[in-house]
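S.K.: Pasting entry28.txt below, which is compact mmCIF, C-alpha atoms and all ligand atoms.
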```txt
# COMPACT_ATOMS: atom_id res chain seq x y z
CA MET A 1 17.58 -1.84 -20.24
CA ASN A 2 14.94 -2.57 -22.92
CA THR A 3 11.75 -0.97 -21.63
CA ASP A 4 9.35 -1.60 -24.51
CA ALA A 5 5.80 -2.64 -23.62
CA SER A 6 6.27 -6.40 -23.90
CA GLU A 7 9.47 -6.29 -21.84
CA LEU A 8 7.69 -4.22 -19.16
CA ASN A 9 4.86 -6.76 -19.13
CA ARG A 10 7.30 -9.64 -18.74
CA ARG A 11 8.93 -7.81 -15.87
CA ARG A 12 5.57 -6.95 -14.27
CA GLU A 13 4.50 -10.61 -14.38
CA ALA A 14 7.83 -11.79 -12.97
CA VAL A 15 7.74 -9.22 -10.16
CA ALA A 16 4.18 -10.33 -9.28
CA ALA A 17 5.25 -14.00 -9.35
CA LEU A 18 8.14 -13.31 -6.96
CA GLY A 19 5.83 -11.21 -4.74
CA SER A 20 3.30 -14.05 -4.63
CA GLY A 21 5.98 -16.61 -3.70
CA LEU A 22 7.35 -14.32 -1.00
CA ARG A 23 3.87 -13.70 0.42
CA ARG A 24 3.35 -17.46 0.69
CA LEU A 25 6.75 -17.75 2.36
CA THR A 26 5.95 -14.90 4.79
CA GLU A 27 2.60 -16.47 5.69
CA SER A 28 4.25 -19.89 6.16
CA ALA A 29 7.03 -18.37 8.29
CA VAL A 30 4.69 -16.62 10.70
CA ARG A 31 2.51 -19.76 11.01
CA SER A 32 5.40 -22.20 11.24
CA THR A 33 5.66 -24.75 14.04
CA ALA A 34 8.84 -26.30 12.56
CA ASP A 35 11.66 -27.55 14.80
CA PRO A 36 14.79 -25.37 15.31
CA GLU A 37 16.94 -27.45 12.90
CA THR A 38 14.44 -27.02 10.07
CA LEU A 39 14.13 -23.30 10.82
CA ARG A 40 17.95 -22.87 10.80
CA ARG A 41 18.27 -24.74 7.47
CA LEU A 42 15.53 -22.60 5.91
CA ALA A 43 17.08 -19.42 7.37
CA ASP A 44 20.35 -20.28 5.55
CA GLU A 45 18.42 -20.80 2.30
CA ALA A 46 16.61 -17.48 2.79
CA GLU A 47 19.97 -15.70 3.23
CA LYS A 48 21.21 -17.28 -0.03
CA LEU A 49 18.09 -16.18 -1.92
CA ALA A 50 18.51 -12.63 -0.59
CA ALA A 51 22.18 -12.58 -1.67
CA ASP A 52 21.19 -13.74 -5.20
CA LEU A 53 18.58 -10.99 -5.45
CA GLU A 54 21.04 -8.34 -4.21
CA ALA A 55 23.68 -9.49 -6.71
CA ALA A 56 21.18 -9.28 -9.61
CA GLY A 57 20.77 -5.48 -9.22
CA ARG A 58 19.12 -3.03 -6.84
CA ARG A 59 17.55 0.38 -7.35
CA PRO A 60 18.97 3.26 -5.31
CA LEU A 61 16.98 5.13 -2.65
CA GLY A 62 14.48 7.51 -4.29
CA ALA A 63 14.52 5.85 -7.74
CA ILE A 64 11.01 5.14 -9.02
CA PRO A 65 10.59 1.63 -10.47
CA GLU A 66 9.92 1.75 -14.23
CA LEU A 67 6.67 -0.20 -13.63
CA ASP A 68 5.19 2.58 -11.48
CA ASP A 69 2.87 5.45 -12.36
CA LEU A 70 2.63 7.80 -9.37
CA ARG A 71 -0.15 9.84 -10.96
CA ILE A 72 -2.60 6.95 -10.74
CA GLY A 73 -1.21 5.27 -7.62
CA GLN A 74 0.39 2.37 -9.50
CA ARG A 75 3.16 1.34 -7.08
CA THR A 76 4.64 -2.08 -7.68
CA PHE A 77 6.36 -2.32 -4.30
CA SER A 78 3.85 -0.49 -2.11
CA PRO A 79 3.35 -2.26 1.24
CA VAL A 80 -0.42 -1.83 0.67
CA THR A 81 -1.12 -2.32 -3.05
CA GLY A 82 2.15 -3.66 -4.47
CA ALA A 83 1.97 -7.01 -6.27
CA GLY A 84 5.75 -7.22 -5.70
CA HIS A 85 5.68 -6.58 -1.95
CA PRO A 86 6.06 -9.61 0.35
CA SER A 87 3.68 -8.40 3.05
CA ALA A 88 1.17 -6.31 1.04
CA PRO A 89 -2.27 -8.04 1.08
CA PRO A 90 -2.08 -6.73 -1.81
CA VAL A 91 -5.11 -4.43 -2.01
CA ILE A 92 -6.63 -4.45 -5.53
CA VAL A 93 -7.72 -0.88 -6.24
CA GLU A 94 -10.40 0.57 -8.52
CA ARG A 95 -10.37 4.32 -9.06
CA ASN A 96 -13.45 6.41 -9.74
CA GLU A 97 -14.06 10.13 -10.16
CA ASN A 98 -13.32 11.32 -6.60
CA CYS A 99 -13.04 8.06 -4.74
CA VAL A 100 -11.16 4.78 -4.68
CA ARG A 101 -12.21 1.31 -3.58
CA GLY A 102 -9.87 -1.52 -2.65
CA ARG A 103 -10.55 -5.23 -2.12
CA PHE A 104 -8.31 -7.45 -0.04
CA THR A 105 -8.04 -10.33 2.42
CA LEU A 106 -5.64 -10.25 5.37
CA GLY A 107 -3.67 -13.19 6.73
CA PHE A 108 -1.52 -14.28 9.68
CA ALA A 109 1.15 -11.83 8.49
CA HIS A 110 -1.21 -8.98 9.44
CA GLU A 111 -2.42 -10.31 12.80
CA GLY A 112 -2.86 -8.12 15.87
CA PRO A 113 -5.38 -9.60 18.34
CA PRO A 114 -5.71 -13.37 17.67
CA ARG A 115 -7.84 -13.92 14.49
CA PHE A 116 -8.03 -10.16 13.78
CA SER A 117 -6.00 -7.53 11.95
CA HIS A 118 -3.37 -5.38 13.62
CA GLY A 119 -4.80 -1.85 13.97
CA GLY A 120 -1.71 -0.40 12.32
CA VAL A 121 -2.32 -2.53 9.22
CA SER A 122 -5.86 -1.14 8.87
CA ALA A 123 -4.43 2.37 9.35
CA MET A 124 -1.74 1.83 6.71
CA ILE A 125 -4.28 0.56 4.18
CA LEU A 126 -6.59 3.53 4.79
CA ASP A 127 -3.72 6.05 4.68
CA GLU A 128 -2.63 4.86 1.26
CA LEU A 129 -6.11 4.57 -0.24
CA MET A 130 -7.12 7.96 1.17
CA GLY A 131 -3.90 9.39 -0.33
CA TRP A 132 -4.90 8.07 -3.74
CA ALA A 133 -8.45 9.40 -3.30
CA ALA A 134 -6.89 12.83 -2.62
CA ARG A 135 -4.85 12.38 -5.84
CA THR A 136 -8.13 12.19 -7.85
CA THR A 137 -8.35 15.99 -7.36
CA GLY A 138 -5.41 16.28 -9.78
CA SER A 139 -2.85 17.42 -7.17
CA PRO A 140 -0.24 15.27 -5.44
CA SER A 141 -0.61 15.53 -1.68
CA MET A 142 0.67 14.12 1.60
CA THR A 143 -1.10 13.07 4.77
CA VAL A 144 -0.83 15.72 7.50
CA ASP A 145 -3.58 14.60 9.87
CA LEU A 146 -5.39 11.27 10.07
CA ALA A 147 -7.80 9.96 12.73
CA PHE A 148 -9.29 6.49 13.08
CA SER A 149 -12.26 4.96 14.92
CA TYR A 150 -11.98 1.21 15.35
CA ARG A 151 -15.64 0.15 15.61
CA GLY A 152 -15.22 -3.61 15.29
CA PRO A 153 -12.33 -6.05 14.93
CA VAL A 154 -11.21 -6.66 11.34
CA PRO A 155 -11.23 -10.41 10.68
CA LEU A 156 -8.40 -12.34 9.00
CA GLY A 157 -9.22 -14.64 6.07
CA VAL A 158 -12.40 -12.75 5.09
CA PRO A 159 -12.81 -10.64 1.91
CA LEU A 160 -12.77 -6.96 2.92
CA MET A 161 -13.31 -3.63 1.23
CA ALA A 162 -11.69 -0.24 1.89
CA GLU A 163 -13.25 2.89 0.43
CA ALA A 164 -11.99 6.46 0.43
CA GLU A 165 -13.55 9.62 -0.95
CA VAL A 166 -12.76 13.30 -1.13
CA THR A 167 -15.32 15.31 0.84
CA GLU A 168 -13.86 18.83 0.61
CA GLN A 169 -11.07 20.75 -1.08
CA ASP A 170 -9.90 24.17 0.03
CA GLY A 171 -6.79 25.38 -1.76
CA ARG A 172 -3.92 23.03 -0.91
CA SER A 173 -5.95 21.17 1.71
CA ILE A 174 -8.02 18.09 0.81
CA ARG A 175 -10.39 16.34 3.27
CA VAL A 176 -10.86 12.62 2.78
CA GLU A 177 -13.08 10.10 4.57
CA GLY A 178 -12.39 6.36 4.54
CA ARG A 179 -13.72 3.08 5.90
CA ILE A 180 -13.11 -0.65 6.00
CA THR A 181 -16.06 -3.06 5.83
CA PRO A 182 -16.56 -6.76 5.12
CA GLU A 183 -17.03 -7.08 1.35
CA SER A 184 -20.28 -8.99 1.93
CA ARG A 185 -21.70 -6.38 4.40
CA PRO A 186 -20.70 -2.86 3.28
CA GLU A 187 -23.06 -1.38 5.89
CA ALA A 188 -21.04 -2.92 8.77
CA VAL A 189 -18.26 -0.35 9.23
CA LEU A 190 -15.27 -1.84 11.11
CA VAL A 191 -12.83 1.08 10.83
CA GLU A 192 -13.65 4.70 10.01
CA ALA A 193 -11.06 7.34 9.12
CA SER A 194 -11.01 11.04 8.51
CA GLY A 195 -7.97 12.83 7.21
CA ARG A 196 -6.44 15.92 5.78
CA PHE A 197 -3.98 15.84 2.88
CA VAL A 198 -1.90 18.84 1.84
CA THR A 199 -0.39 19.57 -1.56
CA PRO A 200 3.22 20.61 -1.02
CA GLU A 201 4.27 23.90 -2.66
CA PRO A 202 6.33 23.41 -5.85
CA GLU A 203 9.54 24.28 -3.98
CA GLN A 204 8.66 21.75 -1.26
CA ILE A 205 8.10 19.10 -3.95
CA SER A 206 11.53 19.89 -5.42
CA ALA A 207 13.16 19.71 -2.00
CA LEU A 208 11.39 16.49 -0.93
CA PHE A 209 11.42 14.63 -4.26
CA PRO A 210 14.36 16.01 -6.29
CA GLY A 211 14.25 14.98 -9.95
CA LEU A 212 10.79 13.39 -9.59
CA GLU A 213 8.65 16.52 -10.08
CA HIS A 214 7.58 15.45 -13.61
CA LEU A 215 6.33 12.07 -12.24
CA LEU A 216 4.04 13.60 -9.60
C1 LIG B 301 3.57 14.26 -3.02
C2 LIG B 301 3.84 12.93 -3.66
C3 LIG B 301 3.35 11.71 -3.01
C4 LIG B 301 3.45 10.49 -3.89
C5 LIG B 301 3.38 9.14 -3.26
C6 LIG B 301 2.21 8.92 -2.34
C7 LIG B 301 2.06 7.50 -1.87
C8 LIG B 301 0.82 7.34 -1.02
C9 LIG B 301 1.13 7.46 0.42
C10 LIG B 301 -0.07 7.78 1.25
C11 LIG B 301 0.06 9.10 1.92
C12 LIG B 301 1.20 9.18 2.88
O1 LIG B 301 1.44 8.33 3.71
S1 LIG B 301 2.20 10.55 2.79
C13 LIG B 301 3.46 10.27 4.02
C14 LIG B 301 3.12 10.81 5.42
N1 LIG B 301 3.05 12.27 5.42
C15 LIG B 301 4.14 13.04 5.48
O2 LIG B 301 5.28 12.59 5.59
C16 LIG B 301 3.90 14.55 5.42
C17 LIG B 301 4.80 15.31 6.38
N2 LIG B 301 4.42 16.73 6.32
C18 LIG B 301 5.07 17.61 5.55
O3 LIG B 301 6.11 17.26 4.93
C19 LIG B 301 4.51 18.99 5.49
O4 LIG B 301 3.46 19.11 6.43
C20 LIG B 301 3.92 19.38 4.09
C21 LIG B 301 5.08 19.49 3.06
C22 LIG B 301 2.90 18.37 3.57
C23 LIG B 301 3.22 20.73 4.21
O5 LIG B 301 4.14 21.57 4.82
P1 LIG B 301 3.86 23.14 4.92
O6 LIG B 301 3.56 23.72 3.57
O7 LIG B 301 4.99 23.76 5.68
O8 LIG B 301 2.59 23.18 5.73
P2 LIG B 301 1.90 24.44 6.30
O9 LIG B 301 2.04 25.61 5.36
O10 LIG B 301 2.34 24.58 7.70
O11 LIG B 301 0.41 23.92 6.29
C24 LIG B 301 -0.38 23.87 5.13
C25 LIG B 301 -1.78 23.67 5.62
O12 LIG B 301 -1.89 22.34 6.21
C26 LIG B 301 -2.21 22.44 7.59
N3 LIG B 301 -1.43 21.45 8.31
C27 LIG B 301 -0.12 21.24 8.18
N4 LIG B 301 0.26 20.24 8.98
C28 LIG B 301 -0.82 19.83 9.64
C29 LIG B 301 -1.07 18.80 10.60
N5 LIG B 301 -0.10 17.98 11.01
N6 LIG B 301 -2.32 18.65 11.04
C30 LIG B 301 -3.33 19.44 10.58
N7 LIG B 301 -3.15 20.40 9.67
C31 LIG B 301 -1.92 20.61 9.20
C32 LIG B 301 -1.83 23.85 8.02
O13 LIG B 301 -2.62 24.28 9.08
C33 LIG B 301 -2.14 24.64 6.76
O14 LIG B 301 -3.54 24.84 6.67
P3 LIG B 301 -4.14 26.27 6.28
O15 LIG B 301 -3.59 27.26 7.26
O16 LIG B 301 -3.65 26.50 4.86
O17 LIG B 301 -5.62 26.03 6.39
```
Could you show the structure in this file as structure tokens?
Ligand SMILES: CCCCCCCCCCCC(=O)SCCNC(=O)CCNC(=O)[C@H](O)C(C)(C)COP(=O)(O)OP(=O)(O)OC[C@H]1O[C@@H](n2cnc3c(N)ncnc32)[C@H](O)[C@@H]1OP(=O)(O)O
M.R.:
Amino acid sequence: MNTDASELNRRREAVAALGSGLRRLTESAVRSTADPETLRRLADEAEKLAADLEAAGRRPLGAIPELDDLRIGQRTFSPVTGAGHPSAPPVIVERNENCVRGRFTLGFAHEGPPRFSHGGVSAMILDELMGWAARTTGSPSMTVDLAFSYRGPVPLGVPLMAEAEVTEQDGRSIRVEGRITPESRPEAVLVEASGRFVTPEPEQISALFPGLEHLL
């Protein structure tokens, strides 16, 4: 495959366009009040679209998409930040020296209590952003311990912000704090998180991610 810069850009734009269409479809599906005949007809069309995508080529388990850069948290198909993922908000991330900030709006696809986010969605967003904050130390790491306080319900359809920062590093262990707030009221903390991330030993990296060591 030709992977020069303009070809990668064309692919990136096409992946984002498909992701955007699928997100609209997902949102429409979970809001739909259509009759059973309409739903059955659309289900058949969805199966055909899936078969077309499968026939056009699929990456094997563990293969990193050529659009990704794991060192900076660029993951095209992440369920949190991926422009190509059908249920990612997606969170748009800015990285700074030892912290990251993400902006996003949640929809019906992320609903828990009526009108509010599912608690697991907030947790998933914080886990990923806190992981990328830990990565600002220069070492790849994995979540080993993560605790949340849900202080207020997280509204759907409202611009939100998630922030994560490294507060301590001791050898392989990195402490990270995170929070979700409304974008317009950063002082109103809705979810607070505190976690520990551990850098696997080189032999653990080789065992867990064979062949990917140079990408981490
Ligand atoms: C990398 C590329 C990513 C690249 C891609 C990243 C995408 C972003 C994703 C966001 C982040 C995730 O979700 S990551 C996915 C979720 N996480 C995981 O699957 C991790 C599962 N855990 C593991 O595989 C393992 O715990 C390792 C490999 C991380 C570490 O194993 P280990 O080396 O045997 O650990 P061990 O020596 O026992 O412990 C090391 C230190 O951590 C502490 N520790 C260990 N486990 C825990 C624990 N559950 N709770 C508290 N503390 C713990 C120990 O007390 C010790 O502290 P001390 O005695 O030294 O003080």
S.K.: Just how far from CA of Glu128 (chain A) is atom C7 of ligand LIG 301 (chain B), in Å to one decimal?
M.R.: 6.2 Å
S.K.: What lies within 12 Å of Leu49 (chain A) using only C-alpha atoms, ignoring chain neighbours under 6 positions off, as a PyMOL selection string?
M.R.: chain A and resi 18+22+42-43+55-56
S.K.: Could you give me, as a VMD selection string, every polymer residue with an atom at most 9 Å away from an atom of ligand LIG 301 (chain B), counting all atoms listed in the file?
M.R.: chain A and resid 70 to 71 73 75 78 124 to 132 135 139 to 146 170 to 173 195 to 201 204 to 205 208 to 209 213 215 to 216
S.K.: Give me the residues within 10 Å of region 89-105 of chain A as JSON, numbers by chain, counting only C-alpha atoms and dropping any in the same chain fewer than 3 places off.
M.R.: {"A": [19, 20, 23, 72, 73, 74, 77, 78, 79, 80, 81, 82, 83, 84, 85, 86, 109, 110, 121, 125, 126, 129, 130, 131, 132, 133, 134, 135, 136, 137, 138, 155, 156, 157, 158, 159, 160, 161, 162, 163, 164, 165, 166, 167, 176, 177, 178, 179, 180, 181, 182, 183]}
S.K.: Between A:Ser87, A:Asp4, A:Arg175, A:Ile64, which has the minimum distance to Ser28 (chain A) (counting only C-alpha atoms)?
M.R.: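 Nearest candidate to Ser28 (chain A) out of A:Ser87, A:Asp4, A:Arg175, A:Ile64: A:Ser87.
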S.K.: State, in Å with one decimal place, the distance from CA of Ser149 (chain A) to CA of Pro186 (chain A).
M.R.: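 One can read the CA of Ser149 (chain A) to CA of Pro186 (chain A) distance as 16.4 Å.
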S.K.: Ranking A:Arg24, A:Lys48, A:Arg40, A:Arg115 by minimum distance to Ala88 (chain A) and counting all atoms listed in the file, which one comes first?
M.R.: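 Of A:Arg24, A:Lys48, A:Arg40, A:Arg115, the one nearest Ala88 (chain A) is A:Arg24, counting all atoms listed in the file.
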S.K.: Between CA of Val30 (chain A) and CA of Phe108 (chain A), what is the distance in Å, rounded to a tenth?
M.R.: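 Rounded to one decimal, the two atoms are 6.7 Å apart.
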